[in-house]
Structures are given as structure tokens and as C-alpha cells.
Amino acid sequence: TEFVNVIGAGLAGSEAAWQIAEAGVLVRLYEMRPKKSTEAHHTSDFAELVCSNSLRGNSLANAVGVLKEEMRRLNSVIIQSADETAVPAGGALAVDRDSFSATVTKKVRTHPNVTVVSEEITEIPSGITVIATGPLTSSKLAEAIKEFNGSDGFYFYDAAAPIIDKSTINMDKVYLKSRYDKGEAAYLNCPMTKEEFNAFREALITAEVAPLKTFEKEKYFEGCMPIEVMAARGEKTMLFGPMKPVGLEDPNTGKRPYAVIQLRQDNAAASLYNIVGFQTHLKWGEQKRVFQMIPGLENAEFVRYGVMHRNSFMNSPELLRPTYQSVKRDDLFFAGQMTGVEGYVESAASGLLAGRNAARLALGQKVQTMPKETVIGSMAYYITHAEGKHFQPMNANFGLLPELPERIRDKKLRYQTLAERALSQLTSEFVVSN
Ligand code: FAD
């Protein structure tokens with residue numbers, strides 16, 4: 001193959017193009033902006049940050065910090081550019097957004113192996129191709145992807161509930177039970193007294209919500225109802241909805257609590273749980289404050305907050321391999337938010353892996369996966385092995401990594417051990433030596 005096509009010069013596409021070019025393979029990078037924009041982008045630069053200017057935690061004490069370090073060692077243009085344009089932000093890696101995007105644009109555009117084409121792509125091209133057109137993929141291409149993948153191949157969601165790291169739930173306060181004891185006991189139940197319920201409802205109603213973008217408004221009302229809207233509807237609305245206690249009597253007392261919040265297992269390893277029916281538009285800080293009022297969740301660690309916005313993503317467990325290759329076409333890769341990884345850094349990380357594999361294919365080499373013990377590998381594994389039916393986009397988090405041989409109770413030490421293991425496993429050919 002003469003060229004590898006990369007479609008979309010966002011976080012994932014810029015990284016993929018860079019990796020391919022650095023491997024000595026020619027890239028044609030297609031980007032539709034500025035001719036055509038999305039509802040969230042404002043500039044014509046590559047890797048525009050559509051919202052926050054923070055790439056989140058930078059220390060090895062959190063998974064996205066470990067992911068950054070892995071990417072640094074793998075010659076990531078996104079992390080290099082972020083390091084070069086960082087602004088003070090405590091433990092986070094935040095950037096001057098304009099300098100950051102300008103830096104990525106310059107590095108990628110001036111790479112001798114990269115040709116940039118300012119064009120909207122409306123069909124899936126033939127030849128080795130990485131599609132990285134993001135959650136706001138233009139509609140014609142979105143249609144083409146949907147058709148290629150089969151009818152349910154490209155979801156559109158505007159509601160997701162928060163997800164919690166199970167190891168941070170106070171198990172003394174919750175109990176395992178399915179409603180009416182039907183089937184295997186599958187839910188963790190958080191019981192509330194009347195007083196707790198009233199205080200919780202009040203907090204929900206008065207908490208601060210995130211502003212809606214205009215293009216999101218119409219969708220908001222079609223979608224399922226955010227929990228704070230339900231709370232405001234009436235005193236009893238939640239009690240007949242997601243907080244219904246019937247059939248959830250506490251096995252320890254035999255009594256029915258006034259209200260119950262259920263947590264549902266979210267991944268095969270049962271290390272993550274979501275709050276059933278709690279899709280929400282509350283600000284992230286508010287979610288933490290209000291949901292930590294739930295008995296058992298006082299110290300809960302949220303690996304992903306609830307969101308309500310447009311986000312097209314594929315049902316990757318059915319459609320992708322951990323190399324980011326389509327199950328249907330060896331030479332077609334998908335990367336970025338559209339594969340169900342969530343966040344700027346996660347999107348770039350998937351572009352890194354997809355790009356490297358596209359380059360390997362072009363060079364006649366075998367494609368590679370990354371070890372599951374690495375954060376980059378754990379994300380690829382998660383999106384291709386999660387349960388397809390309830391698949392939701394996922395941030396990098398320690399809950400995705402395989403368990404340690406021995407359980408370490410101290411959270412700080414546990415995370416440190418997981419981080420060290422991740423970096424020590426990063427020894428494949430993918431690592432650049434310099
Ligand atoms: P993008 O960065 O969106 O890149 C896709 C690129 O493809 C764009 O440049 C687009 O112009 C181009 N494109 C689209 N269709 C075509 C086509 N047919 N032909 C050619 N080019 C095309 N994550 C965070 O970590 N922090 C946040 O604060 C945050 N806020 C978000 C706010 C909103 C409104 C949305 C939608 C998402 C947000 N995300 C956030 C999630 C995610 O991290 C970003 O969407 C991120 O930009 C995803 O990277 P990507 O490379 O997959 O897509």
C-alpha cells in the first residue's frame with residue numbers, strides 16, 4: 001500500500017497519523033474542518049479540545065496519569081504537545097488550549113510523511129484506513145459506518161449513569177440481592193430511611209446542573225429522564241421509579257427499606273458498578289457530593305460520571321478487535337471516542353495503538369495488542385470484551401486492570417503497585433528506545 005488513510009484530525013486521528021508517519025509509512029490525513037465543522041468545534045486546528053482544557057490527572061496515583069506515562073514512552077504527539085504547552089493545574093495536566101492544538105497541528109502537518117487533505121469523507125475508503133471521526137462524526141459518514149457495521153452498529157446515546165470502583169463501596173452498608181430474588185443475586189442494594197431519602201431528594205433538586213449545548217436540548221427531552229428531573233417531578237416519582245424498594249427487603253432484617261438504590265455490575269471482572277437509572281446532567285463535582293450521600297457510597301470513587309450529551313459510538317464488543325481492527329475487515333481500524341473509549345487522553349491512546357497497527361500492516365508486519373496490565377491495553381481489552389448489550393463508553397481506570405496476585409487493602413499502595421506493574425509490562429516492540 002502506498003498510503004494509509006486517516007480520517008479525522010482530532011485527538012485520536014492526529015495521534016494515529018503521527019504514529020504511522022513516525023513508523024516510516026506515508027499518511028493521507030483527511031479533516032473536514034474548516035470547510036465543515038461539528039456542533040462542538042470552533043477552530044480549524046487539529047486536536048481541538050472541545051470543552052475542558054484539562055487532560056486530567058498527571059501522577060501515577062491515577063490511571064489516566066499512568067496512561068499518559070505509557071504514551072510518553074510510546075512517542076505520543078498528543079502528550080508531547082500537552083507537556084510543552086502545560087499550564088499550572090495542581091496534579092492535573094492542563095494546557096493552553098490554543099497553543100496545544102497549534103503545536104499538534106504543526107508537528108503533524110510538517111511531518112514529511114504526512115499529507116493533509118481538507119475534505120469531508122462520506123464513504124469508508126478502501127485500502128488501509130483508520131477512521132477517527134469522533135462522537136460528532138458527520139452524518140453521511142455516520143450512515144456509512146452504521147451500514148458497514150450492521151443496523152445497531154453506531155449508537156447515539158445521550159444518557160449514562162455514573163460508574164463506581166467496587167473496592168471503594170462500604171460493603172457493610174449494602175446487600176446483594178435481585179428484586180423478588182429472581183435469578184442469581186446480581187445487584188448491590190443501598191437502603192435508605194425516609195429521612196435519608198428526603199435529604200437526598202432535596203440535594204438532587206438543588207444541585208447544580210451542567211449547561212446544555214443548544215444542539216443537545218431537543219435530544220434531552222426525547223432521551224430517558226435525568227434523575228434530578230425525576231426528583232423534581234414529585235415526592236414519590238423516584239420511589240415508583242429507580243428507587244422502588246418492593247421486592248428488595250434487606251435479608252439481614254427482613255424489612256423493606258423506605259427506598260433502595262441499586263448498583264449493577266458493569267464489567268466482567270465485577271470491579272465496576274453503575275447506579276441503575278441514574279443518568280444525570282449534574283455537574284461532576286455535584287455528582288460526587290450528592291451521590292456520596294447514598295449509604296455505602298460515602299467514600300466511593302467515581303471512575304466515570306454520568307453524562308447526557310450526544311455521543312455516537314460503536315458497539316465495539318461485537319465489532320472490534322483489541323488491535324482496533326474491524327472484525328469484518330483486516331485493513332480497517334477505528335479509533336477515538338467512537339470506539340467507546342471516553343476522554344481526550346483515552347481517545348488519543350486508542351489512536352496511538354490503531355495507528356501503530358495500521359503502520360505495521362502497511363509494512364507487512366504482524367499487528368499487536370498491548371498487555372492487559374497496561375492501561376492502554378486494558379482499555380482496548382475492555383471495549384472489545386465488555387458485555388455488548390449495555391456497552392457504554394469508559395474512562396481509563398484502575399478497575400479495568402487485572403487483579404493483583406494478592407489483594408492490597410491500602411488504596412494508595414494498591415494503585416502504586418498497579419501503576420508499577422503497568423509500566424514494567426510496557427516492554428513490547430511498541431516502546432521507543434532513546
Ligand atoms: P474528535 O476530537 O472530535 O475528532 C474527530 C475529528 O474528525 C474532528 O476534527 C472532526 O472535524 C473530524 N470529522 C468528523 N467527521 C468527518 C468526516 N466525515 N470527514 C473528515 N473529518 C471528519 N473529553 C474530555 O476528556 N474532557 C472534556 O471536557 C470533554 N468534553 C466533551 C464535550 C463534548 C460536547 C463532547 C461531544 C465530547 C467531550 N469529551 C470530553 C469527550 C472526548 O474526549 C472528545 O470528544 C474528544 O475530542 C474525542 O476525540 P476523537 O479524536 O475521538 O474525536
# chains A, B, ... in the order shown; residues from 1 in each chain; ligands from 1
>>> residues_near_ligand(ligand="ligand 1", cutoff="7 Å", atoms="only C-alpha atoms and all ligand atoms", output="tab-separated table (two decimals) with C-alpha atoms, in the first residue's frame")
chain	number	residue	atom	x	y	z
A	7	ILE	CA	-9.95	10.18	8.67
A	8	GLY	CA	-10.41	12.94	11.22
A	9	ALA	CA	-7.61	15.04	12.74
A	10	GLY	CA	-8.98	15.10	16.28
A	11	LEU	CA	-7.28	13.70	19.36
A	12	ALA	CA	-7.24	10.13	18.01
A	13	GLY	CA	-6.64	10.86	14.31
A	30	TYR	CA	-8.43	13.83	5.92
A	31	GLU	CA	-10.03	16.57	8.03
A	32	MET	CA	-13.29	18.30	7.12
A	33	ARG	CA	-12.77	21.42	9.24
A	37	SER	CA	-17.45	21.92	11.31
A	38	THR	CA	-19.17	19.99	14.10
A	40	ALA	CA	-18.74	21.46	19.30
A	46	PHE	CA	-6.11	19.59	14.81
A	47	ALA	CA	-6.83	18.03	18.22
A	48	GLU	CA	-9.12	20.84	19.32
A	49	LEU	CA	-10.24	20.42	22.93
A	50	VAL	CA	-14.00	20.89	22.63
A	51	CYS	CA	-14.64	21.52	26.30
A	52	SER	CA	-12.30	21.46	29.29
A	53	ASN	CA	-8.62	22.35	28.81
A	54	SER	CA	-7.61	19.65	31.28
A	55	LEU	CA	-6.25	16.27	30.26
A	119	GLU	CA	-12.16	17.18	2.81
A	120	GLU	CA	-15.18	15.56	4.33
A	121	ILE	CA	-15.16	11.80	3.78
A	122	THR	CA	-18.62	10.33	3.19
A	132	ALA	CA	-11.23	8.56	13.89
A	133	THR	CA	-14.08	10.98	13.26
A	134	GLY	CA	-15.21	11.28	16.85
A	135	PRO	CA	-18.52	11.47	18.70
A	136	LEU	CA	-19.74	14.12	16.25
A	137	THR	CA	-18.91	12.23	13.04
A	138	SER	CA	-20.56	13.97	10.08
A	140	LYS	CA	-23.08	10.87	5.83
A	141	LEU	CA	-20.05	9.04	7.13
A	309	HIS	CA	-24.82	14.61	25.61
A	310	ARG	CA	-24.60	13.50	22.06
A	311	ASN	CA	-22.03	10.80	21.63
A	335	ALA	CA	-10.05	4.89	16.93
A	336	GLY	CA	-11.11	7.54	19.42
A	337	GLN	CA	-14.30	8.25	21.25
A	338	MET	CA	-16.34	6.48	18.58
A	342	GLU	CA	-14.08	8.14	26.83
A	343	GLY	CA	-11.96	11.25	27.17
A	344	TYR	CA	-9.26	13.21	25.38
A	345	VAL	CA	-6.32	11.09	26.54
A	347	SER	CA	-9.11	8.81	22.56
A	348	ALA	CA	-5.52	9.69	21.72
>>> select_by_dssp(residues="region 124-363 of chain A", states="helix (DSSP H, G or I)", output="MDAnalysis selection string")
chainID A and resid 139:149 166:168 179:181 194:206 214:222 227:233 238:240 284:291 316:319 337:339 344:362
>>> closest_residue(among="A:Ile261, A:Leu363, A:Ala270, A:Val87", to="Leu297 (chain A)", atoms="only C-alpha atoms")
A:Ile261
>>> residues_around(residues="Val64 (chain A)", least_positions_apart="3", cutoff="7 Å", atoms="only C-alpha atoms", output="VMD selection string")
chain A and resid 57 67 to 68 396 to 397
>>> write_last_selection(atoms="all heavy atoms", output="PDB file, in the first residue's frame")
ATOM      1  N   GLY A  57      -5.657  13.922  35.509  1.00  0.00           N
ATOM      2  CA  GLY A  57      -4.530  13.653  36.404  1.00  0.00           C
ATOM      3  C   GLY A  57      -3.234  13.312  35.687  1.00  0.00           C
ATOM      4  O   GLY A  57      -3.233  12.660  34.654  1.00  0.00           O
ATOM      5  N   LEU A  67      -1.617   6.188  32.134  1.00  0.00           N
ATOM      6  CA  LEU A  67      -1.823   6.133  30.680  1.00  0.00           C
ATOM      7  C   LEU A  67      -0.954   7.178  29.976  1.00  0.00           C
ATOM      8  O   LEU A  67      -0.318   6.893  28.958  1.00  0.00           O
ATOM      9  CB  LEU A  67      -3.309   6.354  30.356  1.00  0.00           C
ATOM     10  CG  LEU A  67      -3.709   6.347  28.882  1.00  0.00           C
ATOM     11  CD1 LEU A  67      -3.333   5.021  28.210  1.00  0.00           C
ATOM     12  CD2 LEU A  67      -5.213   6.595  28.721  1.00  0.00           C
ATOM     13  N   LYS A  68      -0.902   8.388  30.533  1.00  0.00           N
ATOM     14  CA  LYS A  68      -0.067   9.440  29.939  1.00  0.00           C
ATOM     15  C   LYS A  68       1.396   9.008  29.902  1.00  0.00           C
ATOM     16  O   LYS A  68       2.083   9.211  28.906  1.00  0.00           O
ATOM     17  CB  LYS A  68      -0.175  10.726  30.757  1.00  0.00           C
ATOM     18  CG  LYS A  68      -1.496  11.434  30.590  1.00  0.00           C
ATOM     19  CD  LYS A  68      -1.443  12.770  31.321  1.00  0.00           C
ATOM     20  CE  LYS A  68      -2.788  13.447  31.275  1.00  0.00           C
ATOM     21  NZ  LYS A  68      -3.774  12.810  32.171  1.00  0.00           N
ATOM     22  N   ALA A 396     -10.284   5.633  31.347  1.00  0.00           N
ATOM     23  CA  ALA A 396      -9.214   4.825  31.927  1.00  0.00           C
ATOM     24  C   ALA A 396      -9.420   4.763  33.439  1.00  0.00           C
ATOM     25  O   ALA A 396      -9.743   5.773  34.053  1.00  0.00           O
ATOM     26  CB  ALA A 396      -7.861   5.461  31.633  1.00  0.00           C
ATOM     27  N   ASN A 397      -9.267   3.588  34.029  1.00  0.00           N
ATOM     28  CA  ASN A 397      -9.347   3.491  35.491  1.00  0.00           C
ATOM     29  C   ASN A 397      -8.711   2.192  35.946  1.00  0.00           C
ATOM     30  O   ASN A 397      -8.625   1.226  35.187  1.00  0.00           O
ATOM     31  CB  ASN A 397     -10.795   3.614  35.968  1.00  0.00           C
ATOM     32  CG  ASN A 397     -11.633   2.421  35.575  1.00  0.00           C
ATOM     33  OD1 ASN A 397     -11.645   1.413  36.263  1.00  0.00           O
ATOM     34  ND2 ASN A 397     -12.327   2.517  34.449  1.00  0.00           N
TER      35      ASN A 397
END
>>> closest_residue(among="A:Gly340, A:Ala359, A:Pro295, A:Glu318", to="Gly150 (chain A)", atoms="only C-alpha atoms")
A:Glu318
>>> closest_residue(among="A:Ala422, A:Leu176, A:Met238, A:Ala358", to="Lys372 (chain A)", atoms="only C-alpha atoms")
A:Ala422
>>> residues_around(residues="Val209 (chain A)", least_positions_apart="5", cutoff="9 Å", atoms="only C-alpha atoms", output="ChimeraX atom specification")
/A:228,280-284,286
>>> write_last_selection(atoms="all heavy atoms", output="PDB file, in the first residue's frame")
ATOM      1  N   GLU A 228     -32.264  13.990  38.378  1.00  0.00           N
ATOM      2  CA  GLU A 228     -32.606  15.232  39.084  1.00  0.00           C
ATOM      3  C   GLU A 228     -33.942  15.798  38.587  1.00  0.00           C
ATOM      4  O   GLU A 228     -34.679  16.426  39.337  1.00  0.00           O
ATOM      5  CB  GLU A 228     -31.483  16.272  38.962  1.00  0.00           C
ATOM      6  CG  GLU A 228     -31.146  16.741  37.559  1.00  0.00           C
ATOM      7  CD  GLU A 228     -30.179  15.817  36.816  1.00  0.00           C
ATOM      8  OE1 GLU A 228     -29.906  14.708  37.318  1.00  0.00           O
ATOM      9  OE2 GLU A 228     -29.718  16.209  35.729  1.00  0.00           O
ATOM     10  N   THR A 280     -27.719  11.384  34.450  1.00  0.00           N
ATOM     11  CA  THR A 280     -27.816  12.693  35.094  1.00  0.00           C
ATOM     12  C   THR A 280     -27.079  13.766  34.319  1.00  0.00           C
ATOM     13  O   THR A 280     -26.148  13.469  33.565  1.00  0.00           O
ATOM     14  CB  THR A 280     -27.239  12.628  36.532  1.00  0.00           C
ATOM     15  OG1 THR A 280     -27.238  13.933  37.093  1.00  0.00           O
ATOM     16  CG2 THR A 280     -25.816  12.090  36.526  1.00  0.00           C
ATOM     17  N   HIS A 281     -27.541  14.972  34.534  1.00  0.00           N
ATOM     18  CA  HIS A 281     -26.884  16.109  33.909  1.00  0.00           C
ATOM     19  C   HIS A 281     -26.254  17.021  34.958  1.00  0.00           C
ATOM     20  O   HIS A 281     -25.905  18.163  34.692  1.00  0.00           O
ATOM     21  CB  HIS A 281     -27.894  16.876  33.046  1.00  0.00           C
ATOM     22  CG  HIS A 281     -27.263  17.568  31.901  1.00  0.00           C
ATOM     23  ND1 HIS A 281     -26.795  18.850  31.980  1.00  0.00           N
ATOM     24  CD2 HIS A 281     -26.972  17.150  30.658  1.00  0.00           C
ATOM     25  CE1 HIS A 281     -26.274  19.190  30.823  1.00  0.00           C
ATOM     26  NE2 HIS A 281     -26.363  18.177  30.008  1.00  0.00           N
ATOM     27  N   LEU A 282     -26.103  16.504  36.181  1.00  0.00           N
ATOM     28  CA  LEU A 282     -25.465  17.310  37.222  1.00  0.00           C
ATOM     29  C   LEU A 282     -23.993  17.506  36.891  1.00  0.00           C
ATOM     30  O   LEU A 282     -23.375  16.658  36.256  1.00  0.00           O
ATOM     31  CB  LEU A 282     -25.560  16.598  38.579  1.00  0.00           C
ATOM     32  CG  LEU A 282     -26.948  16.385  39.177  1.00  0.00           C
ATOM     33  CD1 LEU A 282     -26.806  15.785  40.569  1.00  0.00           C
ATOM     34  CD2 LEU A 282     -27.746  17.663  39.209  1.00  0.00           C
ATOM     35  N   LYS A 283     -23.448  18.626  37.360  1.00  0.00           N
ATOM     36  CA  LYS A 283     -22.007  18.850  37.220  1.00  0.00           C
ATOM     37  C   LYS A 283     -21.253  17.741  37.949  1.00  0.00           C
ATOM     38  O   LYS A 283     -21.743  17.224  38.956  1.00  0.00           O
ATOM     39  CB  LYS A 283     -21.634  20.208  37.829  1.00  0.00           C
ATOM     40  CG  LYS A 283     -22.066  21.366  36.963  1.00  0.00           C
ATOM     41  CD  LYS A 283     -21.411  22.661  37.422  1.00  0.00           C
ATOM     42  CE  LYS A 283     -21.569  23.716  36.348  1.00  0.00           C
ATOM     43  NZ  LYS A 283     -21.230  25.056  36.847  1.00  0.00           N
ATOM     44  N   TRP A 284     -20.055  17.436  37.494  1.00  0.00           N
ATOM     45  CA  TRP A 284     -19.324  16.290  38.046  1.00  0.00           C
ATOM     46  C   TRP A 284     -19.074  16.424  39.537  1.00  0.00           C
ATOM     47  O   TRP A 284     -19.232  15.477  40.297  1.00  0.00           O
ATOM     48  CB  TRP A 284     -18.032  16.066  37.256  1.00  0.00           C
ATOM     49  CG  TRP A 284     -18.303  15.544  35.872  1.00  0.00           C
ATOM     50  CD1 TRP A 284     -19.548  15.316  35.328  1.00  0.00           C
ATOM     51  CD2 TRP A 284     -17.354  15.175  34.877  1.00  0.00           C
ATOM     52  NE1 TRP A 284     -19.415  14.841  34.052  1.00  0.00           N
ATOM     53  CE2 TRP A 284     -18.088  14.750  33.741  1.00  0.00           C
ATOM     54  CE3 TRP A 284     -15.964  15.169  34.825  1.00  0.00           C
ATOM     55  CZ2 TRP A 284     -17.461  14.320  32.575  1.00  0.00           C
ATOM     56  CZ3 TRP A 284     -15.343  14.735  33.661  1.00  0.00           C
ATOM     57  CH2 TRP A 284     -16.091  14.314  32.554  1.00  0.00           C
ATOM     58  N   GLU A 286     -20.784  18.035  41.669  1.00  0.00           N
ATOM     59  CA  GLU A 286     -22.073  17.873  42.331  1.00  0.00           C
ATOM     60  C   GLU A 286     -22.473  16.403  42.398  1.00  0.00           C
ATOM     61  O   GLU A 286     -23.032  15.948  43.394  1.00  0.00           O
ATOM     62  CB  GLU A 286     -23.145  18.671  41.580  1.00  0.00           C
ATOM     63  CG  GLU A 286     -22.967  20.166  41.688  1.00  0.00           C
ATOM     64  CD  GLU A 286     -23.338  20.684  43.069  1.00  0.00           C
ATOM     65  OE1 GLU A 286     -22.474  20.596  43.964  1.00  0.00           O
ATOM     66  OE2 GLU A 286     -24.482  21.147  43.254  1.00  0.00           O
TER      67      GLU A 286
END
>>> select_by_dssp(residues="region 188-286 of chain A", states="strand (DSSP E or B)", output="list of chain:residue names")
A:Leu188, A:Asn189, A:Cys190, A:Pro191, A:Met192, A:Val209, A:Ala259, A:Val260, A:Ile261, A:Gln262, A:Leu263, A:Arg264, A:Gln265, A:Leu272, A:Tyr273, A:Asn274, A:Ile275, A:Leu282
>>> closest_residue(among="A:Tyr382, A:Asn149, A:Met394, A:Thr374", to="Glu70 (chain A)", atoms="only C-alpha atoms")
A:Thr374
>>> closest_residue(among="A:Glu22, A:Asp45, A:Asp250, A:Glu420", to="Val375 (chain A)", atoms="only C-alpha atoms")
A:Glu420
>>> closest_residue(among="A:Glu346, A:Thr427, A:Met230, A:Lys244", to="Gly65 (chain A)", atoms="only C-alpha atoms")
A:Glu346
>>> residues_around(residues="region 158-167 of chain A", least_positions_apart="3", cutoff="9 Å", atoms="only C-alpha atoms", output="MDAnalysis selection string")
chainID A and resid 170:171 216 219:220 223:226 263 266 270:281 287 297 300:311 392:393 397:399 409 411
>>> residues_around(residues="Lys255 (chain A)", least_positions_apart="5", cutoff="12 Å", atoms="only C-alpha atoms", output="list of chain:residue names")
A:Pro191, A:Met192, A:Thr193, A:Pro245, A:Val246, A:Gly247, A:Leu248, A:Glu249, A:Asp250, A:Val260
>>> write_last_selection(atoms="N, CA and C atoms", output="PDB file, in the first residue's frame")
ATOM      1  N   PRO A 191     -29.806   0.684  50.922  1.00  0.00           N
ATOM      2  CA  PRO A 191     -31.104   1.015  51.512  1.00  0.00           C
ATOM      3  C   PRO A 191     -31.105   2.417  52.136  1.00  0.00           C
ATOM      4  N   MET A 192     -32.262   3.077  52.060  1.00  0.00           N
ATOM      5  CA  MET A 192     -32.377   4.413  52.661  1.00  0.00           C
ATOM      6  C   MET A 192     -33.589   4.482  53.578  1.00  0.00           C
ATOM      7  N   THR A 193     -33.436   5.215  54.676  1.00  0.00           N
ATOM      8  CA  THR A 193     -34.591   5.525  55.521  1.00  0.00           C
ATOM      9  C   THR A 193     -35.327   6.699  54.890  1.00  0.00           C
ATOM     10  N   PRO A 245     -38.507   0.197  46.389  1.00  0.00           N
ATOM     11  CA  PRO A 245     -37.975  -0.777  47.349  1.00  0.00           C
ATOM     12  C   PRO A 245     -38.651  -2.159  47.297  1.00  0.00           C
ATOM     13  N   VAL A 246     -39.809  -2.263  46.581  1.00  0.00           N
ATOM     14  CA  VAL A 246     -40.546  -3.535  46.613  1.00  0.00           C
ATOM     15  C   VAL A 246     -39.716  -4.707  46.129  1.00  0.00           C
ATOM     16  N   GLY A 247     -39.762  -5.796  46.864  1.00  0.00           N
ATOM     17  CA  GLY A 247     -39.024  -6.996  46.461  1.00  0.00           C
ATOM     18  C   GLY A 247     -37.550  -6.911  46.801  1.00  0.00           C
ATOM     19  N   LEU A 248     -37.183  -5.852  47.512  1.00  0.00           N
ATOM     20  CA  LEU A 248     -35.766  -5.683  47.857  1.00  0.00           C
ATOM     21  C   LEU A 248     -35.577  -5.625  49.377  1.00  0.00           C
ATOM     22  N   GLU A 249     -36.363  -6.423  50.094  1.00  0.00           N
ATOM     23  CA  GLU A 249     -36.266  -6.468  51.544  1.00  0.00           C
ATOM     24  C   GLU A 249     -34.825  -6.819  51.952  1.00  0.00           C
ATOM     25  N   ASP A 250     -34.352  -6.162  52.983  1.00  0.00           N
ATOM     26  CA  ASP A 250     -32.995  -6.389  53.469  1.00  0.00           C
ATOM     27  C   ASP A 250     -32.892  -7.796  54.076  1.00  0.00           C
ATOM     28  N   VAL A 260     -34.598   2.227  47.895  1.00  0.00           N
ATOM     29  CA  VAL A 260     -33.378   1.458  47.611  1.00  0.00           C
ATOM     30  C   VAL A 260     -32.747   1.975  46.321  1.00  0.00           C
TER      31      VAL A 260
END
>>> atom_distance(atom1="CA of Met71 (chain A)", atom2="CA of Asn58 (chain A)")
11.9 Å
>>> atom_distance(atom1="CA of Arg360 (chain A)", atom2="CA of Arg421 (chain A)")
26.2 Å
